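Working notes, structure below.
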Amino acid sequence: MLEILLVCGLLSVGMALLLVKVLARPNGKFSSQHIHDSLPMKERGIHCVMDQDREMRQTNKWAVQENNNLVKNK
């Protein structure tokens, strides 16, 4: 029983502190946590995984066409 009260108390304190933080922010909003919105990540050239995947899927006009028909299974 004591453990349940302790957990509820800790959760209540955490929620109260989060509420204070939200009320102290302008418009009650936090800054974006996405990688593409972070200036230090942009300076390092780090993108989110979806952007990196999109870049890798683009066809390269300088790519060499490979011929996979050279090896035949017998």
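Residue names in the structure tokens use chain letters A, B, ... in the order shown, residue numbers from 1 in each chain, and ligand numbers from 1 in the order shown.
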
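For A:Lys29, the list of residues within 12 Å, based on only C-alpha atoms and with local chain neighbours fewer than 6 positions off taken out, reads Leu18, Leu19, Lys21, Val22 and Leu23 of chain A.
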
Just-selected residues, all heavy atoms written as a PDB file, in the first residue's frame:
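Final output, saved to selection.pdb:
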```
ATOM      1  N   LEU A  18       5.657  19.515 -14.637  1.00  0.00           N
ATOM      2  CA  LEU A  18       5.438  19.650 -16.075  1.00  0.00           C
ATOM      3  C   LEU A  18       4.420  20.746 -16.361  1.00  0.00           C
ATOM      4  O   LEU A  18       4.600  21.531 -17.300  1.00  0.00           O
ATOM      5  CB  LEU A  18       4.967  18.318 -16.660  1.00  0.00           C
ATOM      6  CG  LEU A  18       4.810  18.260 -18.176  1.00  0.00           C
ATOM      7  CD1 LEU A  18       6.138  18.522 -18.865  1.00  0.00           C
ATOM      8  CD2 LEU A  18       4.263  16.922 -18.596  1.00  0.00           C
ATOM      9  N   LEU A  19       3.398  20.839 -15.547  1.00  0.00           N
ATOM     10  CA  LEU A  19       2.393  21.885 -15.711  1.00  0.00           C
ATOM     11  C   LEU A  19       3.008  23.259 -15.515  1.00  0.00           C
ATOM     12  O   LEU A  19       2.734  24.189 -16.282  1.00  0.00           O
ATOM     13  CB  LEU A  19       1.241  21.671 -14.731  1.00  0.00           C
ATOM     14  CG  LEU A  19       0.149  22.739 -14.746  1.00  0.00           C
ATOM     15  CD1 LEU A  19      -0.579  22.734 -16.078  1.00  0.00           C
ATOM     16  CD2 LEU A  19      -0.824  22.520 -13.605  1.00  0.00           C
ATOM     17  N   LYS A  21       6.094  24.069 -16.052  1.00  0.00           N
ATOM     18  CA  LYS A  21       6.945  24.328 -17.211  1.00  0.00           C
ATOM     19  C   LYS A  21       6.113  24.743 -18.427  1.00  0.00           C
ATOM     20  O   LYS A  21       6.490  25.637 -19.175  1.00  0.00           O
ATOM     21  CB  LYS A  21       7.781  23.094 -17.535  1.00  0.00           C
ATOM     22  CG  LYS A  21       8.845  23.358 -18.558  1.00  0.00           C
ATOM     23  CD  LYS A  21       9.796  22.194 -18.688  1.00  0.00           C
ATOM     24  CE  LYS A  21      10.903  22.520 -19.661  1.00  0.00           C
ATOM     25  NZ  LYS A  21      11.895  21.469 -19.753  1.00  0.00           N
ATOM     26  N   VAL A  22       4.977  24.105 -18.626  1.00  0.00           N
ATOM     27  CA  VAL A  22       4.103  24.455 -19.749  1.00  0.00           C
ATOM     28  C   VAL A  22       3.534  25.857 -19.562  1.00  0.00           C
ATOM     29  O   VAL A  22       3.469  26.649 -20.502  1.00  0.00           O
ATOM     30  CB  VAL A  22       2.966  23.416 -19.903  1.00  0.00           C
ATOM     31  CG1 VAL A  22       1.898  23.911 -20.860  1.00  0.00           C
ATOM     32  CG2 VAL A  22       3.525  22.099 -20.389  1.00  0.00           C
ATOM     33  N   LEU A  23       3.138  26.184 -18.355  1.00  0.00           N
ATOM     34  CA  LEU A  23       2.572  27.509 -18.102  1.00  0.00           C
ATOM     35  C   LEU A  23       3.619  28.609 -18.218  1.00  0.00           C
ATOM     36  O   LEU A  23       3.299  29.751 -18.545  1.00  0.00           O
ATOM     37  CB  LEU A  23       1.922  27.550 -16.719  1.00  0.00           C
ATOM     38  CG  LEU A  23       0.667  26.684 -16.556  1.00  0.00           C
ATOM     39  CD1 LEU A  23       0.172  26.740 -15.114  1.00  0.00           C
ATOM     40  CD2 LEU A  23      -0.423  27.121 -17.510  1.00  0.00           C
TER      41      LEU A  23
END
```

**Study point:** In chain A, DSSP alpha helix (DSSP H) residues written as a ChimeraX atom specification
**Key:** /A:2-24,39-44,49-57

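The protein and nucleic acid residues lying at most 12 Å from A:Gln33 are A:Leu39, A:Met41, A:Cys48, with only C-alpha atoms considered and sequence neighbours fewer than 6 positions away removed.
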
Review point. Expressed in Å to a single decimal, how great is the separation between atom CA of A:Gln58 and atom CA of A:Asp37?
Key: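 Rounded to one decimal, the two atoms are 23.1 Å apart.
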
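Taking atom CA of A:Ala16 as the reference point, atom CA of A:Ser32 is found at 21.9 Å.
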
Exercise for review: Kindly give the distance, in Å, that separates atom CA of A:Leu11 and atom CA of A:Phe30, rounded to a single decimal.
Suggested key: 20.7 Å
